[in-house]
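*Asks:* The structure file coords_8.cif (mmCIF, C-alpha atoms) is provided below.
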data_my_file
loop_
_atom_site.label_atom_id
_atom_site.label_comp_id
_atom_site.auth_asym_id
_atom_site.auth_seq_id
_atom_site.Cartn_x
_atom_site.Cartn_y
_atom_site.Cartn_z
CA MET A 46 -16.15 -140.97 -128.08
CA THR A 47 -18.31 -137.94 -127.42
CA ASP A 48 -19.23 -135.89 -130.46
CA PRO A 49 -18.01 -132.34 -129.73
CA LYS A 50 -20.75 -130.94 -131.94
CA LYS A 51 -23.49 -132.84 -130.14
CA PRO A 52 -25.08 -130.99 -127.19
CA GLN A 53 -24.03 -132.58 -123.88
CA SER A 54 -26.60 -133.91 -121.44
CA PRO A 55 -26.37 -132.71 -117.81
CA SER A 56 -24.83 -136.04 -116.82
CA ASP A 57 -22.22 -135.81 -119.59
CA ALA A 58 -21.33 -132.28 -118.49
CA ILE A 59 -20.83 -133.45 -114.90
CA LEU A 60 -18.58 -136.32 -116.01
CA ALA A 61 -16.52 -134.01 -118.21
CA SER A 62 -16.13 -131.54 -115.39
CA ARG A 63 -14.92 -134.30 -113.06
CA ARG A 64 -12.40 -135.53 -115.65
CA ASN A 65 -11.01 -132.00 -116.07
CA PHE A 66 -10.73 -131.56 -112.29
CA LEU A 67 -8.87 -134.87 -111.86
CA ARG A 68 -6.56 -134.12 -114.80
CA GLN A 69 -5.69 -130.66 -113.42
CA SER A 70 -5.18 -132.07 -109.90
CA VAL A 71 -2.71 -134.68 -111.17
CA VAL A 72 -0.77 -132.13 -113.19
CA GLY A 73 -0.78 -129.66 -110.30
CA ALA A 74 0.37 -132.27 -107.80
CA GLY A 75 3.18 -133.29 -110.12
CA ALA A 76 4.29 -129.69 -110.46
CA VAL A 77 4.26 -129.20 -106.70
CA ALA A 78 6.17 -132.44 -106.13
CA GLY A 79 8.72 -131.43 -108.73
CA ALA A 80 9.17 -128.04 -107.12
CA THR A 81 9.56 -129.64 -103.70
CA LEU A 82 12.26 -132.00 -104.91
CA ALA A 83 14.11 -129.39 -106.90
CA ALA A 84 14.28 -126.54 -104.41
CA PRO A 85 15.46 -126.44 -100.77
CA TYR A 86 13.45 -124.90 -97.97
CA VAL A 87 12.98 -121.18 -98.59
CA ASN A 88 12.86 -118.98 -95.50
CA ALA A 89 10.49 -116.00 -95.39
CA GLN A 90 13.53 -113.73 -95.66
CA SER A 91 15.51 -113.59 -98.90
CA GLY A 92 18.40 -116.05 -98.91
CA PRO A 93 19.70 -118.23 -96.07
CA ILE A 94 19.79 -117.18 -92.44
CA LYS A 95 23.25 -115.78 -91.66
CA TRP A 96 24.81 -115.92 -88.21
CA ARG A 97 28.08 -114.64 -86.79
CA LEU A 98 29.51 -116.71 -83.94
CA GLN A 99 32.68 -115.85 -82.03
CA THR A 100 34.51 -118.23 -79.73
CA TYR A 101 36.79 -117.48 -76.79
CA SER A 102 39.58 -119.54 -78.42
CA GLY A 103 42.24 -118.70 -80.95
CA ALA A 104 42.33 -120.39 -84.34
CA PRO A 105 44.70 -123.31 -83.51
CA LEU A 106 42.52 -124.37 -80.57
CA GLY A 107 39.29 -123.44 -82.29
CA ALA A 108 40.09 -126.01 -84.97
CA HIS A 109 39.19 -128.61 -82.34
CA VAL A 110 36.81 -127.02 -79.86
CA ILE A 111 34.30 -125.57 -82.33
CA LYS A 112 35.19 -125.66 -86.05
CA PRO A 113 34.10 -129.32 -86.58
CA GLN A 114 30.69 -128.45 -85.15
CA ILE A 115 30.20 -125.35 -87.31
CA ASP A 116 31.33 -127.20 -90.45
CA ALA A 117 28.89 -130.01 -89.67
CA PHE A 118 26.01 -127.61 -89.06
CA ASN A 119 26.62 -125.64 -92.25
CA ALA A 120 26.74 -128.83 -94.29
CA ALA A 121 23.59 -130.29 -92.71
CA ALA A 122 21.65 -127.01 -92.93
CA ASN A 123 21.46 -127.57 -96.70
CA GLY A 124 21.64 -123.91 -97.66
CA GLU A 125 18.93 -122.76 -95.26
CA MET A 126 21.36 -121.26 -92.77
CA GLU A 127 25.06 -120.46 -92.60
CA ILE A 128 27.18 -119.67 -89.53
CA GLU A 129 30.32 -117.58 -89.95
CA LEU A 130 32.92 -118.56 -87.33
CA TYR A 131 35.25 -116.03 -85.73
CA TYR A 132 38.04 -116.75 -83.26
CA ALA A 133 39.24 -114.88 -80.16
CA ASP A 134 39.18 -111.09 -80.54
CA GLN A 135 38.54 -111.18 -84.31
CA LEU A 136 35.30 -109.19 -84.26
CA VAL A 137 35.16 -107.94 -80.67
CA PRO A 138 37.53 -108.24 -77.70
CA THR A 139 36.86 -111.34 -75.62
CA ALA A 140 35.95 -109.18 -72.63
CA ASP A 141 33.15 -107.64 -74.73
CA LEU A 142 31.65 -110.91 -75.95
CA PHE A 143 28.57 -110.74 -73.77
CA ARG A 144 27.78 -107.13 -74.62
CA ALA A 145 28.22 -107.84 -78.34
CA LEU A 146 25.94 -110.87 -78.06
CA GLN A 147 23.30 -108.94 -76.19
CA ASN A 148 23.17 -106.06 -78.66
CA GLY A 149 23.12 -108.34 -81.71
CA THR A 150 26.61 -107.63 -83.04
CA LEU A 151 27.09 -111.37 -82.60
CA ASP A 152 24.38 -113.98 -83.04
CA ALA A 153 26.09 -116.62 -80.90
CA VAL A 154 29.06 -117.11 -78.59
CA GLN A 155 31.07 -120.02 -77.22
CA SER A 156 32.77 -119.09 -73.96
CA ASP A 157 32.66 -119.42 -70.21
CA GLU A 158 30.84 -116.91 -68.04
CA ALA A 159 33.88 -115.69 -66.14
CA THR A 160 35.97 -114.95 -69.22
CA MET A 161 33.28 -112.90 -70.92
CA ALA A 162 31.98 -111.33 -67.69
CA SER A 163 28.38 -112.47 -67.94
CA PRO A 164 26.16 -110.24 -65.75
CA VAL A 165 24.75 -113.19 -63.78
CA ASP A 166 25.45 -114.15 -60.18
CA ILE A 167 26.77 -117.56 -61.24
CA ASN A 168 29.47 -116.24 -63.58
CA VAL A 169 32.17 -117.24 -61.08
CA PHE A 170 31.49 -120.90 -61.89
CA GLY A 171 32.29 -120.52 -65.58
CA GLY A 172 35.75 -121.64 -66.57
CA TYR A 173 37.76 -123.29 -63.81
CA PHE A 174 36.10 -123.40 -60.41
CA PRO A 175 38.65 -124.93 -57.99
CA PHE A 176 38.07 -128.64 -57.33
CA ALA A 177 34.48 -128.61 -58.59
CA THR A 178 35.36 -131.47 -60.95
CA ARG A 179 37.91 -134.24 -61.21
CA TYR A 180 37.00 -135.65 -64.63
CA SER A 181 35.46 -134.14 -67.76
CA LEU A 182 32.34 -136.32 -67.45
CA ASP A 183 31.62 -134.59 -64.13
CA VAL A 184 30.40 -131.51 -66.00
CA PRO A 185 27.53 -133.04 -68.02
CA ALA A 186 26.62 -135.22 -65.02
CA LEU A 187 26.27 -132.12 -62.83
CA PHE A 188 24.08 -130.41 -65.41
CA GLN A 189 21.89 -133.43 -66.09
CA TYR A 190 21.49 -134.98 -62.64
CA TYR A 191 22.30 -132.29 -60.06
CA GLY A 192 20.26 -129.32 -61.22
CA LEU A 193 22.87 -127.10 -62.87
CA LYS A 194 20.95 -127.01 -66.17
CA GLU A 195 17.90 -125.55 -64.44
CA ILE A 196 20.01 -123.08 -62.45
CA TRP A 197 21.76 -121.82 -65.61
CA GLU A 198 18.45 -121.48 -67.46
CA GLU A 199 16.97 -119.60 -64.52
CA ALA A 200 19.92 -117.20 -64.28
CA TYR A 201 19.93 -116.31 -67.97
CA SER A 202 16.16 -115.95 -68.12
CA GLU A 203 16.72 -112.81 -66.03
CA VAL A 204 19.10 -111.31 -68.61
CA GLU A 205 17.52 -109.53 -71.56
CA GLY A 206 18.59 -110.52 -75.05
CA VAL A 207 20.67 -113.64 -74.33
CA THR A 208 19.64 -117.30 -74.38
CA TRP A 209 21.83 -119.94 -72.74
CA LEU A 210 21.84 -123.14 -74.79
CA SER A 211 24.22 -125.74 -73.39
CA ALA A 212 27.30 -126.34 -71.24
CA GLY A 213 30.09 -128.82 -71.78
CA ALA A 214 33.51 -129.84 -70.48
CA TRP A 215 36.95 -128.91 -71.70
CA ASP A 216 40.37 -129.80 -70.25
CA PRO A 217 41.79 -129.77 -66.70
CA LEU A 218 43.79 -126.83 -65.38
CA HIS A 219 47.59 -127.02 -65.06
CA ILE A 220 50.22 -124.34 -64.65
CA PHE A 221 52.92 -124.17 -67.32
CA THR A 222 55.94 -121.93 -66.78
CA VAL A 223 58.70 -120.69 -69.08
CA ASP A 224 61.81 -121.05 -66.93
CA LYS A 225 60.69 -121.08 -63.28
CA PRO A 226 59.66 -124.54 -62.04
CA ILE A 227 57.00 -124.87 -59.35
CA ARG A 228 58.02 -127.41 -56.75
CA SER A 229 56.43 -125.72 -53.73
CA LEU A 230 53.71 -123.19 -53.02
CA ALA A 231 56.41 -120.61 -52.35
CA ASP A 232 57.52 -120.92 -55.98
CA MET A 233 54.19 -119.45 -57.11
CA ALA A 234 54.83 -116.11 -55.44
CA GLY A 235 55.29 -113.35 -58.00
CA LEU A 236 54.70 -115.49 -61.08
CA ARG A 237 52.75 -113.57 -63.70
CA VAL A 238 50.49 -115.97 -65.58
CA PHE A 239 47.81 -115.70 -68.23
CA GLY A 240 44.71 -117.44 -66.92
CA VAL A 241 40.97 -117.59 -66.43
CA PRO A 242 39.51 -115.29 -63.75
CA THR A 243 38.10 -117.67 -61.12
CA ALA A 244 41.08 -120.00 -60.88
CA GLY A 245 43.39 -116.98 -60.99
CA LYS A 246 41.60 -115.41 -58.04
CA PHE A 247 41.95 -118.62 -56.03
CA LEU A 248 45.62 -119.14 -56.92
CA SER A 249 46.46 -115.52 -56.09
CA LYS A 250 46.22 -116.68 -52.46
CA TYR A 251 49.66 -118.21 -53.03
CA GLY A 252 51.15 -115.14 -54.67
CA LEU A 253 50.35 -115.99 -58.28
CA ILE A 254 49.57 -112.87 -60.33
CA PRO A 255 46.81 -113.37 -62.95
CA VAL A 256 47.40 -111.37 -66.15
CA THR A 257 44.81 -110.67 -68.85
CA ILE A 258 46.06 -110.13 -72.40
CA PRO A 259 44.68 -111.00 -75.87
CA TRP A 260 44.91 -114.73 -76.53
CA ASP A 261 47.04 -114.32 -79.66
CA ASN A 262 49.63 -112.34 -77.67
CA VAL A 263 50.27 -115.01 -75.03
CA GLU A 264 53.16 -116.83 -76.73
CA VAL A 265 55.04 -113.63 -77.54
CA ALA A 266 54.43 -112.35 -74.01
CA MET A 267 56.10 -115.47 -72.61
CA GLN A 268 59.01 -115.16 -75.03
CA THR A 269 59.63 -111.53 -74.08
CA GLY A 270 59.26 -112.13 -70.34
CA GLU A 271 56.10 -110.06 -69.97
CA ILE A 272 54.49 -113.11 -68.35
CA ASP A 273 56.05 -116.17 -66.72
CA GLY A 274 53.57 -118.76 -67.92
CA VAL A 275 49.94 -119.78 -68.27
CA ALA A 276 47.28 -121.20 -65.96
CA TRP A 277 44.66 -121.53 -68.66
CA CYS A 278 44.52 -125.09 -69.94
CA GLY A 279 45.77 -128.67 -69.84
CA PHE A 280 48.49 -130.52 -71.71
CA THR A 281 46.46 -131.07 -74.88
CA GLU A 282 46.03 -127.36 -75.51
CA ALA A 283 49.55 -126.45 -74.41
CA TYR A 284 50.94 -128.75 -77.09
CA GLU A 285 48.32 -127.94 -79.71
CA VAL A 286 48.74 -124.15 -79.64
CA GLY A 287 52.52 -124.10 -79.27
CA TRP A 288 52.86 -123.03 -75.64
CA ALA A 289 54.69 -126.27 -74.85
CA ASP A 290 57.41 -125.08 -77.24
CA VAL A 291 57.99 -122.03 -75.03
CA CYS A 292 57.43 -123.45 -71.53
CA LYS A 293 59.98 -125.74 -69.90
CA TYR A 294 57.94 -126.86 -66.90
CA ALA A 295 54.46 -128.27 -66.23
CA LEU A 296 52.94 -128.58 -62.77
CA SER A 297 51.23 -131.97 -62.65
CA ASN A 298 48.85 -130.97 -59.84
CA SER A 299 45.51 -130.00 -61.37
CA VAL A 300 43.39 -127.38 -59.60
CA THR A 301 40.28 -128.74 -61.27
CA GLY A 302 39.41 -131.55 -63.65
CA ALA A 303 37.50 -129.70 -66.34
CA TRP A 304 36.63 -126.23 -67.62
CA PHE A 305 32.95 -125.27 -67.79
CA GLY A 306 32.11 -123.72 -71.16
CA SER A 307 28.76 -122.81 -72.73
CA TYR A 308 27.03 -121.86 -75.94
CA PHE A 309 24.87 -118.75 -75.98
CA ALA A 310 22.62 -117.14 -78.61
CA ASN A 311 21.21 -113.67 -79.08
CA THR A 312 17.56 -114.22 -78.19
CA ALA A 313 16.13 -112.36 -81.19
CA SER A 314 18.44 -114.24 -83.56
CA TRP A 315 17.52 -117.57 -81.96
CA GLN A 316 13.79 -116.90 -82.28
CA LYS A 317 14.16 -116.24 -86.02
CA VAL A 318 15.62 -119.72 -86.58
CA PRO A 319 12.99 -122.33 -87.53
CA PRO A 320 12.54 -125.19 -85.04
CA HIS A 321 14.24 -127.83 -87.20
CA LEU A 322 17.38 -125.70 -87.51
CA GLN A 323 17.34 -124.92 -83.79
CA GLU A 324 17.30 -128.67 -83.17
CA LEU A 325 20.10 -129.19 -85.67
CA PHE A 326 22.22 -126.57 -83.94
CA LYS A 327 21.68 -128.22 -80.55
CA ILE A 328 22.52 -131.64 -82.00
CA THR A 329 25.81 -130.36 -83.39
CA ILE A 330 26.56 -128.72 -80.03
CA ASP A 331 26.24 -132.18 -78.48
CA GLN A 332 28.51 -133.48 -81.21
CA SER A 333 31.05 -130.83 -80.21
CA HIS A 334 30.79 -131.82 -76.54
CA TYR A 335 31.49 -135.45 -77.48
CA TYR A 336 34.44 -134.54 -79.72
CA ARG A 337 36.11 -132.58 -76.92
CA GLN A 338 35.51 -135.33 -74.36
CA VAL A 339 37.55 -137.76 -76.46
CA TRP A 340 40.16 -135.27 -77.68
CA TYR A 341 41.01 -134.02 -74.22
CA TRP A 342 40.68 -137.30 -72.32
CA GLY A 343 43.00 -139.16 -74.64
CA GLY A 344 45.32 -136.23 -75.19
CA GLU A 345 45.91 -135.39 -71.55
CA ALA A 346 47.04 -138.90 -70.62
CA LYS A 347 49.11 -139.42 -73.76
CA LEU A 348 50.98 -136.12 -73.46
CA ARG A 349 51.68 -136.45 -69.74
CA VAL A 350 53.29 -139.83 -70.42
CA GLU A 351 54.79 -139.38 -73.89
CA GLY A 352 55.19 -135.61 -74.20
CA GLU A 353 58.85 -134.60 -74.20
CA LYS A 354 58.68 -130.81 -74.38
CA MET A 355 58.17 -130.02 -70.68
CA GLU A 356 59.53 -131.34 -67.40
CA LEU A 357 56.82 -132.39 -64.96
CA THR A 358 56.97 -131.05 -61.41
CA SER A 359 54.66 -131.55 -58.44
CA LEU A 360 53.88 -130.03 -55.06
CA PRO A 361 54.71 -131.90 -51.83
CA ASP A 362 51.74 -133.95 -50.60
CA GLU A 363 51.26 -131.86 -47.48
CA GLU A 364 51.22 -128.61 -49.46
CA TRP A 365 48.76 -130.03 -51.98
CA ALA A 366 46.52 -131.14 -49.13
CA GLN A 367 46.61 -127.53 -47.92
CA VAL A 368 45.48 -126.27 -51.33
CA VAL A 369 42.58 -128.73 -51.34
CA SER A 370 41.60 -127.62 -47.84
CA ASP A 371 41.81 -123.95 -48.82
CA SER A 372 39.33 -124.57 -51.61
CA ASN A 373 36.65 -125.36 -49.03
CA GLY A 374 36.89 -121.82 -47.70
CA PHE A 375 36.76 -120.46 -51.25
CA TRP A 376 33.58 -122.44 -51.91
CA ASP A 377 31.98 -121.05 -48.77
CA GLU A 378 32.85 -117.47 -49.75
CA VAL A 379 31.25 -117.92 -53.16
CA ALA A 380 28.18 -119.63 -51.67
CA ALA A 381 27.63 -116.60 -49.46
CA SER A 382 27.58 -114.25 -52.47
CA SER A 383 24.01 -115.13 -53.55
CA PRO A 384 21.28 -117.72 -52.88
CA ARG A 385 21.68 -119.11 -56.39
CA SER A 386 25.44 -119.46 -55.96
CA ALA A 387 24.74 -121.31 -52.74
CA ARG A 388 22.60 -123.78 -54.71
CA VAL A 389 25.45 -124.42 -57.14
CA VAL A 390 27.94 -125.01 -54.34
CA GLU A 391 25.47 -127.33 -52.63
CA ALA A 392 25.20 -129.30 -55.88
CA PHE A 393 29.00 -129.55 -56.03
CA LYS A 394 29.14 -130.85 -52.46
CA LYS A 395 26.37 -133.39 -53.01
CA TYR A 396 28.00 -134.58 -56.22
CA ALA A 397 31.44 -134.93 -54.62
CA ASP A 398 29.95 -136.87 -51.72
CA THR A 399 28.11 -139.19 -54.10
CA MET A 400 31.23 -139.85 -56.16
CA GLU A 401 33.30 -140.62 -53.05
CA LYS A 402 30.67 -143.05 -51.78
CA ALA A 403 30.36 -144.67 -55.20
CA GLY A 404 34.10 -145.35 -55.19
CA TYR A 405 35.90 -146.89 -58.15
CA PRO A 406 35.74 -145.97 -61.03
CA TYR A 407 34.15 -142.67 -60.01
CA ARG A 408 36.76 -141.82 -57.37
#
Show me the file's structure as structure tokens.
*Replies:*
Amino acid sequence: MTDPKKPQSPSDAILASRRNFLRQSVVGAGAVAGATLAAPYVNAQSGPIKWRLQTYSGAPLGAHVIKPQIDAFNAAANGEMEIELYYADQLVPTADLFRALQNGTLDAVQSDEATMASPVDINVFGGYFPFATRYSLDVPALFQYYGLKEIWEEAYSEVEGVTWLSAGAWDPLHIFTVDKPIRSLADMAGLRVFGVPTAGKFLSKYGLIPVTIPWDNVEVAMQTGEIDGVAWCGFTEAYEVGWADVCKYALSNSVTGAWFGSYFANTASWQKVPPHLQELFKITIDQSHYYRQVWYWGGEAKLRVEGEKMELTSLPDEEWAQVVSDSNGFWDEVAASSPRSARVVEAFKKYADTMEKAGYPYR
């Protein structure tokens, strides 16, 4: 052992210095490792990132179309970020969703373009675009293989303050009525129905009157006779939210196979989220898309066959063929509205042609 009183040689001093350095490095590394294990990621700001997200849907429906995703994200974010979920009209009216997102009142939104009046030339395709789809899987296929993803990204890149993140499929569109069955096109004349804008505009050709009211007021409006029914959803939602308890009739003819809905973020809010949490949010969005695919696909078939709350009606074959034919003219009108809309319609036509040629099980 070195005598502390004995003067150290230069070589002894160097060895002692090295021992001290190694000892301090080990202690320091252990302290850092302990701190890393004990504490979660700390953002530059104080506390976790907080977001406010509002969906187009009311609470009963939101329990399926978005709450599982938000719960999963909040759990997986491990305290680094928390999203507060709000349902239809809770923070801002649904018609003001885009404006609230753009100005930062909301950090994120789940909706379709038509319902929240997005200021893009493709907003007519959000929600229910007549006969654009037959099955829910048509929506992600169109976005992945037929260019819709790039078109949506391009359109929203021209809008300040809003970032489009992802689109997915919801349920098909049916008409449910309180006490007036639809067994012919003539029966639609004068019916006041709550519905999404694009499909409502198309169906108004047959005398249907689209009505816009807050989502939570729909059931009472049907009970009081303010409206005659809804053209807003499929069987799964009609049963889930209680509208099937009020409506006596369901038109089995579906104007389209799936609703187009998207997730959007305020651009400034999105840029403040670290990359790993951005990726986590996108992963849980995909989880939400998958959940809805199964919930709607299974629910629609089961409730059409086993549901006992509504009587099913249908249009005569020749009248339904007329509706399908009329949709071609509607597509052409929309295609003429802008070059980008024309590209979307062209994608729809190419996709439909491919599915028909592919045959079973695609068509």
*Asks:* Quick check, in Å to one decimal: how far apart do atom CA of Ser297 of chain A and atom CA of Ser156 of chain A lie?
*Replies:* 25.2 Å
*Asks:* Taking the file as I've supplied it (selection: the PyMOL selection byres ((chain A and resi 174) around 8)), which residues are included? Please answer as a count of residues only.
*Replies:* 12
*Asks:* Have a look at atom CA of Tyr101 of chain A and atom CA of Tyr335 of chain A and let me know their distance in Å, one decimal.
*Replies:*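 For atom CA of Tyr101 of chain A relative to atom CA of Tyr335 of chain A, the distance reads 18.7 Å.
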*Asks:* I want to know what sits within 6 Å of Gly279 of chain A, based on all atoms listed in the file, with residues of the same chain fewer than 6 positions away left out; could you give that as a list in words?
*Replies:*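 The filter keeps Asp216, Pro217, Leu218 and His219 of chain A.
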*Asks:* Apply the PyMOL selection byres ((chain A and resi 308-315) around 6) to the file shown and report the selected residues as an MDAnalysis selection string.
*Replies:* chainID A and resid 146:147 152:155 206:211 307 316:318
*Asks:* Give me the residues of segment 228-290 of chain A that have any atom at most 12 Å from an atom of segment 133-138 of chain A; for each, the nearest atom pair and the distance in Å, rounded to one decimal. Use all atoms listed in the file, sort by chain and number, and format it as JSON lines.
*Replies:*
{"residue": "A:Thr257", "atom": "CA", "partner": "A:Pro138", "partner_atom": "CA", "distance": 11.7}
{"residue": "A:Ile258", "atom": "CA", "partner": "A:Pro138", "partner_atom": "CA", "distance": 10.2}
{"residue": "A:Pro259", "atom": "CA", "partner": "A:Asp134", "partner_atom": "CA", "distance": 7.2}
{"residue": "A:Trp260", "atom": "CA", "partner": "A:Ala133", "partner_atom": "CA", "distance": 6.7}
{"residue": "A:Asp261", "atom": "CA", "partner": "A:Ala133", "partner_atom": "CA", "distance": 7.8}
{"residue": "A:Asn262", "atom": "CA", "partner": "A:Asp134", "partner_atom": "CA", "distance": 10.9}
*Asks:* Run the PyMOL selection byres ((chain A and resi 226-238) around 8) mentally over the shown coordinates, then write out the matched residues as a VMD selection string, using the chain letters and numbers from the document.
*Replies:* chain A and resid 222 224 to 225 239 to 240 251 to 256 271 to 276 293 to 296 358 to 361 364
*Asks:* I'd like the contact shell of Ser333 of chain A - 12 Å cut-off, all atoms listed in the file, skipping same-chain residues fewer than 4 positions apart - returned as a PyMOL selection string.
*Replies:* chain A and resi 107-118+155+211-215+306-308+326-329+337-340
*Asks:* Could you list, as a PyMOL selection string, every residue within 10 Å of Ala397 of chain A, counting all atoms listed in the file and ignoring same-chain residues fewer than 4 positions away?
*Replies:* chain A and resi 176-179+183+391-393+401-403+407-408
*Asks:* Quick one: distance from atom CA of Met161 of chain A to atom CA of Arg144 of chain A in Å, one decimal?
*Replies:* 8.8 Å
*Asks:* Excluding same-chain residues fewer than 4 positions from segment 350-352 of chain A, what lies within 10 Å of it counting only C-alpha atoms, as a PyMOL selection string?
*Replies:* chain A and resi 280-281+284+289+344-346+356-357
*Asks:* Which of these residues is nearest to Ala145 of chain A, using all atoms listed in the file: A:Gln189, A:Asn168, A:Gln99, A:Ser386?
*Replies:* A:Gln99
*Asks:* Between A:Leu322, A:Ala283, A:Ala104, A:Met267, which has the minimum distance to Glu127 of chain A (counting all atoms listed in the file)?
*Replies:* A:Leu322
*Asks:* Which is closest to Glu158 of chain A among A:Val241, A:Val184, A:Val369, A:Ala120, if we use all atoms listed in the file?
*Replies:*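 Comparing A:Val241, A:Val184, A:Val369, A:Ala120 against Glu158 of chain A, the winner is A:Val241.
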*Asks:* Smallest atom-to-atom distance to Ser202 of chain A: which of A:Val165, A:Val389, A:Ile94, A:Val265, using only C-alpha atoms?
*Replies:* A:Val165
*Asks:* Please list as a PyMOL selection string every residue within 8 Å of Ala140 of chain A, counting only C-alpha atoms and excluding residues in the same chain fewer than 3 positions away.
*Replies:* chain A and resi 143+160-162
*Asks:* Take the point (30.2, -120.4, -49.3) as written in the file and pick out every residue within 9 Å of it, counting all atoms listed in the file; give the list as an NGL selection string.
*Replies:* :A and (373-382 or 386-387 or 390)
